[in-house]
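Q: Handing over query22.pdb, PDB, C-alpha atoms, pLDDT in the B column.
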ATOM      1  CA  MET A   1      21.338 -61.153 -59.771  1.00 42.00           C
ATOM      2  CA  SER A   2      20.902 -57.548 -58.687  1.00 56.00           C
ATOM      3  CA  GLN A   3      19.015 -54.908 -60.604  1.00 74.00           C
ATOM      4  CA  LEU A   4      20.770 -52.099 -62.405  1.00 82.00           C
ATOM      5  CA  ILE A   5      21.073 -48.659 -60.840  1.00 94.00           C
ATOM      6  CA  ASN A   6      18.875 -46.128 -62.629  1.00 95.00           C
ATOM      7  CA  ALA A   7      19.664 -42.462 -63.323  1.00 95.00           C
ATOM      8  CA  ALA A   8      17.472 -41.205 -60.463  1.00 95.00           C
ATOM      9  CA  THR A   9      19.382 -43.305 -57.936  1.00 96.00           C
ATOM     10  CA  LEU A  10      22.727 -42.201 -59.307  1.00 96.00           C
ATOM     11  CA  ALA A  11      21.640 -38.545 -59.136  1.00 96.00           C
ATOM     12  CA  LEU A  12      20.406 -38.939 -55.554  1.00 97.00           C
ATOM     13  CA  VAL A  13      23.631 -40.531 -54.341  1.00 98.00           C
ATOM     14  CA  LYS A  14      25.804 -37.982 -56.131  1.00 98.00           C
ATOM     15  CA  HIS A  15      23.741 -35.087 -54.786  1.00 97.00           C
ATOM     16  CA  PHE A  16      23.988 -36.136 -51.155  1.00 97.00           C
ATOM     17  CA  GLU A  17      27.528 -37.525 -51.193  1.00 96.00           C
ATOM     18  CA  GLY A  18      29.086 -34.678 -53.157  1.00 97.00           C
ATOM     19  CA  LEU A  19      32.306 -35.048 -55.121  1.00 98.00           C
ATOM     20  CA  TYR A  20      35.595 -34.826 -53.232  1.00 97.00           C
ATOM     21  CA  LEU A  21      38.744 -35.409 -55.221  1.00 97.00           C
ATOM     22  CA  GLU A  22      40.920 -35.310 -52.111  1.00 97.00           C
ATOM     23  CA  ALA A  23      40.388 -37.643 -49.159  1.00 95.00           C
ATOM     24  CA  TYR A  24      38.694 -36.202 -46.096  1.00 95.00           C
ATOM     25  CA  GLN A  25      37.400 -37.550 -42.797  1.00 92.00           C
ATOM     26  CA  CYS A  26      33.626 -37.712 -42.661  1.00 86.00           C
ATOM     27  CA  THR A  27      31.706 -36.848 -39.484  1.00 77.00           C
ATOM     28  CA  ALA A  28      32.223 -40.429 -38.300  1.00 77.00           C
ATOM     29  CA  GLY A  29      35.999 -40.042 -38.723  1.00 83.00           C
ATOM     30  CA  ILE A  30      36.221 -42.389 -41.709  1.00 85.00           C
ATOM     31  CA  TRP A  31      38.524 -41.463 -44.573  1.00 90.00           C
ATOM     32  CA  THR A  32      36.388 -40.857 -47.649  1.00 93.00           C
ATOM     33  CA  ILE A  33      37.049 -39.865 -51.252  1.00 95.00           C
ATOM     34  CA  GLY A  34      35.110 -39.375 -54.488  1.00 96.00           C
ATOM     35  CA  TYR A  35      31.358 -39.824 -54.056  1.00 97.00           C
ATOM     36  CA  GLY A  36      31.373 -41.285 -50.554  1.00 94.00           C
ATOM     37  CA  HIS A  37      33.893 -44.064 -51.232  1.00 93.00           C
ATOM     38  CA  THR A  38      35.151 -45.437 -47.927  1.00 89.00           C
ATOM     39  CA  GLY A  39      36.784 -48.631 -49.092  1.00 76.00           C
ATOM     40  CA  LEU A  40      40.050 -49.504 -47.453  1.00 62.00           C
ATOM     41  CA  ARG A  41      41.784 -49.879 -50.811  1.00 59.00           C
ATOM     42  CA  HIS A  42      41.675 -47.638 -53.829  1.00 55.00           C
ATOM     43  CA  ASN A  43      43.408 -49.034 -56.893  1.00 59.00           C
ATOM     44  CA  ASP A  44      47.037 -48.454 -55.905  1.00 58.00           C
ATOM     45  CA  GLY A  45      46.716 -47.302 -52.287  1.00 61.00           C
ATOM     46  CA  THR A  46      44.690 -46.871 -49.158  1.00 76.00           C
ATOM     47  CA  VAL A  47      42.171 -44.043 -48.820  1.00 88.00           C
ATOM     48  CA  ARG A  48      44.006 -41.757 -46.410  1.00 86.00           C
ATOM     49  CA  GLN A  49      44.892 -38.158 -45.745  1.00 89.00           C
ATOM     50  CA  GLY A  50      46.414 -36.507 -48.810  1.00 90.00           C
ATOM     51  CA  ARG A  51      45.026 -39.101 -51.251  1.00 90.00           C
ATOM     52  CA  LYS A  52      43.817 -37.528 -54.500  1.00 93.00           C
ATOM     53  CA  ILE A  53      41.862 -38.919 -57.442  1.00 94.00           C
ATOM     54  CA  THR A  54      40.431 -37.637 -60.711  1.00 95.00           C
ATOM     55  CA  ALA A  55      36.753 -37.103 -61.467  1.00 97.00           C
ATOM     56  CA  GLN A  56      36.911 -40.137 -63.770  1.00 96.00           C
ATOM     57  CA  GLU A  57      38.306 -42.285 -60.946  1.00 93.00           C
ATOM     58  CA  ALA A  58      35.525 -41.020 -58.666  1.00 95.00           C
ATOM     59  CA  GLU A  59      32.931 -42.136 -61.246  1.00 95.00           C
ATOM     60  CA  GLN A  60      34.579 -45.562 -61.515  1.00 93.00           C
ATOM     61  CA  LEU A  61      34.700 -45.985 -57.736  1.00 92.00           C
ATOM     62  CA  LEU A  62      31.046 -44.997 -57.418  1.00 95.00           C
ATOM     63  CA  ALA A  63      29.978 -47.413 -60.143  1.00 94.00           C
ATOM     64  CA  ARG A  64      31.876 -50.249 -58.451  1.00 92.00           C
ATOM     65  CA  ASP A  65      30.547 -49.325 -54.993  1.00 93.00           C
ATOM     66  CA  LEU A  66      26.953 -49.156 -56.209  1.00 95.00           C
ATOM     67  CA  GLU A  67      27.317 -52.576 -57.882  1.00 94.00           C
ATOM     68  CA  ILE A  68      28.461 -54.002 -54.545  1.00 93.00           C
ATOM     69  CA  PHE A  69      25.601 -52.388 -52.625  1.00 95.00           C
ATOM     70  CA  ALA A  70      23.035 -53.380 -55.265  1.00 96.00           C
ATOM     71  CA  ALA A  71      24.160 -57.002 -54.960  1.00 95.00           C
ATOM     72  CA  GLY A  72      23.970 -56.729 -51.164  1.00 96.00           C
ATOM     73  CA  VAL A  73      20.457 -55.290 -51.258  1.00 97.00           C
ATOM     74  CA  SER A  74      19.407 -58.061 -53.655  1.00 96.00           C
ATOM     75  CA  ARG A  75      20.628 -60.674 -51.173  1.00 96.00           C
ATOM     76  CA  LEU A  76      18.451 -59.133 -48.428  1.00 97.00           C
ATOM     77  CA  LEU A  77      15.260 -59.284 -50.508  1.00 96.00           C
ATOM     78  CA  LEU A  78      12.971 -62.263 -50.689  1.00 94.00           C
ATOM     79  CA  PRO A  79      12.683 -63.468 -54.329  1.00 94.00           C
ATOM     80  CA  LYS A  80       9.008 -62.500 -54.633  1.00 92.00           C
ATOM     81  CA  VAL A  81       9.806 -59.015 -53.340  1.00 93.00           C
ATOM     82  CA  ALA A  82      12.797 -58.498 -55.638  1.00 91.00           C
ATOM     83  CA  ALA A  83      10.566 -59.304 -58.601  1.00 91.00           C
ATOM     84  CA  ALA A  84       7.926 -56.816 -57.409  1.00 91.00           C
ATOM     85  CA  LEU A  85      10.224 -53.820 -56.821  1.00 93.00           C
ATOM     86  CA  ASN A  86      10.509 -51.145 -59.468  1.00 93.00           C
ATOM     87  CA  GLU A  87      13.828 -49.439 -60.304  1.00 94.00           C
ATOM     88  CA  ASN A  88      13.120 -46.459 -58.044  1.00 95.00           C
ATOM     89  CA  GLN A  89      12.236 -48.637 -55.068  1.00 95.00           C
ATOM     90  CA  PHE A  90      15.352 -50.724 -55.531  1.00 96.00           C
ATOM     91  CA  GLY A  91      17.450 -47.598 -56.014  1.00 97.00           C
ATOM     92  CA  ALA A  92      16.136 -46.004 -52.819  1.00 97.00           C
ATOM     93  CA  LEU A  93      17.251 -49.101 -50.914  1.00 98.00           C
ATOM     94  CA  VAL A  94      20.682 -49.024 -52.548  1.00 98.00           C
ATOM     95  CA  SER A  95      21.122 -45.345 -51.624  1.00 98.00           C
ATOM     96  CA  PHE A  96      20.075 -46.120 -48.039  1.00 98.00           C
ATOM     97  CA  ALA A  97      22.521 -49.036 -47.797  1.00 97.00           C
ATOM     98  CA  PHE A  98      25.328 -47.056 -49.455  1.00 96.00           C
ATOM     99  CA  ASN A  99      24.949 -44.337 -46.829  1.00 94.00           C
ATOM    100  CA  LEU A 100      24.242 -46.453 -43.735  1.00 94.00           C
ATOM    101  CA  GLY A 101      25.697 -49.848 -44.609  1.00 94.00           C
ATOM    102  CA  LEU A 102      24.185 -53.183 -45.514  1.00 96.00           C
ATOM    103  CA  ALA A 103      24.370 -54.325 -41.885  1.00 96.00           C
ATOM    104  CA  ASN A 104      22.039 -51.523 -40.795  1.00 96.00           C
ATOM    105  CA  LEU A 105      19.623 -52.255 -43.638  1.00 98.00           C
ATOM    106  CA  SER A 106      19.672 -55.973 -42.828  1.00 97.00           C
ATOM    107  CA  LYS A 107      18.558 -55.385 -39.221  1.00 97.00           C
ATOM    108  CA  SER A 108      16.131 -52.568 -39.993  1.00 98.00           C
ATOM    109  CA  THR A 109      12.365 -52.588 -39.750  1.00 98.00           C
ATOM    110  CA  LEU A 110      12.478 -51.117 -43.261  1.00 98.00           C
ATOM    111  CA  ILE A 111      13.731 -54.356 -44.835  1.00 98.00           C
ATOM    112  CA  GLN A 112      11.240 -56.343 -42.740  1.00 97.00           C
ATOM    113  CA  ARG A 113       8.359 -54.207 -44.035  1.00 97.00           C
ATOM    114  CA  ILE A 114       9.589 -54.528 -47.614  1.00 96.00           C
ATOM    115  CA  ASN A 115       9.948 -58.306 -47.391  1.00 97.00           C
ATOM    116  CA  ALA A 116       6.431 -58.444 -45.921  1.00 96.00           C
ATOM    117  CA  LEU A 117       5.196 -56.404 -48.920  1.00 95.00           C
ATOM    118  CA  ARG A 118       3.984 -53.659 -46.568  1.00 95.00           C
ATOM    119  CA  TRP A 119       4.742 -50.886 -49.064  1.00 93.00           C
ATOM    120  CA  LYS A 120       2.701 -48.164 -47.334  1.00 95.00           C
ATOM    121  CA  ASP A 121       4.801 -48.519 -44.160  1.00 96.00           C
ATOM    122  CA  CYS A 122       8.137 -48.042 -45.928  1.00 96.00           C
ATOM    123  CA  PRO A 123       8.365 -44.240 -46.274  1.00 96.00           C
ATOM    124  CA  ALA A 124       8.111 -43.751 -42.505  1.00 97.00           C
ATOM    125  CA  GLU A 125      10.793 -46.406 -41.975  1.00 98.00           C
ATOM    126  CA  PHE A 126      13.275 -44.496 -44.161  1.00 98.00           C
ATOM    127  CA  LEU A 127      12.695 -41.376 -42.067  1.00 97.00           C
ATOM    128  CA  LYS A 128      13.672 -43.099 -38.815  1.00 97.00           C
ATOM    129  CA  TRP A 129      17.324 -43.143 -39.952  1.00 97.00           C
ATOM    130  CA  ASN A 130      18.118 -39.433 -39.787  1.00 96.00           C
ATOM    131  CA  ARG A 131      20.479 -39.339 -36.794  1.00 93.00           C
ATOM    132  CA  ALA A 132      24.224 -39.346 -36.280  1.00 86.00           C
ATOM    133  CA  SER A 133      25.629 -39.668 -32.777  1.00 84.00           C
ATOM    134  CA  GLY A 134      22.054 -39.423 -31.469  1.00 90.00           C
ATOM    135  CA  ARG A 135      21.399 -36.049 -33.120  1.00 91.00           C
ATOM    136  CA  ILE A 136      18.900 -35.408 -35.901  1.00 94.00           C
ATOM    137  CA  LEU A 137      20.760 -33.977 -38.889  1.00 92.00           C
ATOM    138  CA  ARG A 138      18.987 -31.885 -41.518  1.00 94.00           C
ATOM    139  CA  GLY A 139      21.077 -33.376 -44.322  1.00 93.00           C
ATOM    140  CA  LEU A 140      20.190 -36.921 -43.273  1.00 94.00           C
ATOM    141  CA  THR A 141      16.533 -35.945 -42.899  1.00 96.00           C
ATOM    142  CA  ARG A 142      16.557 -34.550 -46.456  1.00 97.00           C
ATOM    143  CA  ARG A 143      18.329 -37.653 -47.774  1.00 97.00           C
ATOM    144  CA  ARG A 144      15.908 -40.050 -46.084  1.00 97.00           C
ATOM    145  CA  GLN A 145      12.915 -38.020 -47.358  1.00 96.00           C
ATOM    146  CA  SER A 146      14.422 -38.074 -50.863  1.00 96.00           C
ATOM    147  CA  GLU A 147      14.880 -41.854 -50.628  1.00 97.00           C
ATOM    148  CA  ALA A 148      11.305 -42.243 -49.368  1.00 97.00           C
ATOM    149  CA  ASN A 149      10.049 -40.057 -52.236  1.00 95.00           C
ATOM    150  CA  LEU A 150      12.054 -42.068 -54.757  1.00 96.00           C
ATOM    151  CA  PHE A 151      10.731 -45.295 -53.234  1.00 96.00           C
ATOM    152  CA  GLN A 152       7.191 -43.982 -53.732  1.00 95.00           C
ATOM    153  CA  SER A 153       8.163 -42.540 -57.158  1.00 90.00           C
ATOM    154  CA  LYS A 154       6.945 -39.137 -55.989  1.00 80.00           C
ATOM    155  CA  GLU A 155       7.950 -36.176 -58.133  1.00 75.00           C
ATOM    156  CA  PRO A 156      10.005 -34.262 -57.371  1.00 73.00           C
ATOM    157  CA  TRP A 157      11.785 -36.945 -55.415  1.00 77.00           C
ATOM    158  CA  LEU A 158      14.861 -34.909 -54.464  1.00 77.00           C
ATOM    159  CA  VAL A 159      14.499 -32.773 -51.324  1.00 80.00           C
ATOM    160  CA  LYS A 160      16.812 -29.764 -51.504  1.00 77.00           C
ATOM    161  CA  PRO A 161      17.688 -27.352 -48.690  1.00 73.00           C
TER     162      PRO A 161
END
Is it possible to give me this structure as structure tokens?
A:
Amino acid sequence: MSQLINAATLALVKHFEGLYLEAYQCTAGIWTIGYGHTGLRHNDGTVRQGRKITAQEAEQLLARDLEIFAAGVSRLLLPKVAAALNENQFGALVSFAFNLGLANLSKSTLIQRINALRWKDCPAEFLKWNRASGRILRGLTRRRQSEANLFQSKEPWLVKP
């Protein structure tokens, strides 16, 4: 059973994903809508050029997506680790996985350090994932630092431009 997503995690994801009520292609060329929803199906149609949704639909998609990623993160955690994580730590991992995918989290040193209970090593592991197409991106650097701050429950956790 996965943990619930707390308000800080929801705010972090919304801040960095932004709200788009019309489908667009992200930098990776993937059709995206709402708060970073990239699913192939959206209620009554595929996410594609010209697709539009309401703000309420965007909220529903995000809630469903975060449930899926929370369950995926839970599956990657050893039971003793899952029990030891606080809501902010769990949420930082969900945000990371939502942005980069569960496959990347599953093969990362970050998840290895977490499952080994090496908490002090984790913030630096978040920061290693700030590149797209080999280039360091400021937005990804800010997101990873925000996730690392949330993981450490540092205030303020959100890094703004």
Q: Given the PyMOL selection byres ((chain A and resi 59) around 12) and the file above, list the residues it selects as a list in words.
A: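 After applying the PyMOL selection byres ((chain A and resi 59) around 12), what remains is Leu10, Val13, Lys14, Gly18, Leu19, Tyr20, Leu21, Ile33, Gly34, Tyr35, Gly36, His37, Ile53, Thr54, Ala55, Gln56, Glu57, Ala58, Gln60, Leu61, Leu62, Ala63, Arg64, Asp65 and Leu66 of chain A.
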Q: Hey, what comes out of the PyMOL selection byres ((chain A and resi 131-137) around 12) on this file? Could you write it as a PyMOL selection string?
A: chain A and resi 26-29+99-100+126-130+138-144
Q: When you draw a straight line from CA of Gly72 in chain A to CA of Arg118 in chain A, how long is it in Å?
A: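 For CA of Gly72 in chain A relative to CA of Arg118 in chain A, the distance reads 20.7 Å.
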Q: Suppose you want the space between CA of Gln152 in chain A and CA of Gln3 in chain A; what is it in Å?
A: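 CA of Gln3 in chain A lies 17.5 Å from CA of Gln152 in chain A.
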Q: May I have the centre and edge lengths, in Å to one decimal, of an axis-aligned box around the listed atoms of range 5-14 of chain A with 3 Å added to every side, as JSON?
A:
{"center_x": 21.6, "center_y": -43.3, "center_z": -58.8, "size_x": 14.3, "size_y": 16.7, "size_z": 15.0}
Q: Around (24.5, -52.4, -62.1), as given in the file, which residues come within 6 Å? Count all atoms listed in the file and list them as number ranges by chain.
A: A: 4-5, 67
Q: Rounded to one decimal place, report the CA of Gln89 in chain A-CA of Leu150 in chain A distance in Å.
A: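 Spanning CA of Gln89 in chain A to CA of Leu150 in chain A is a straight-line distance of 6.6 Å.
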Q: Restricting the calculation to all atoms listed in the file: of A:Leu85, A:Ala71, A:Ala92, A:Ile111, which residue gets closest to Lys154 in chain A?
A: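 Ranked by minimum distance to Lys154 in chain A, first place goes to A:Ala92.
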Q: Decode the PyMOL selection byres ((chain A and resi 76-84) around 12) for the given file into explicit residues and return them as an NGL selection string.
A: :A and (1-3 or 69-75 or 85-91 or 93-94 or 97 or 102-108 or 110-119)
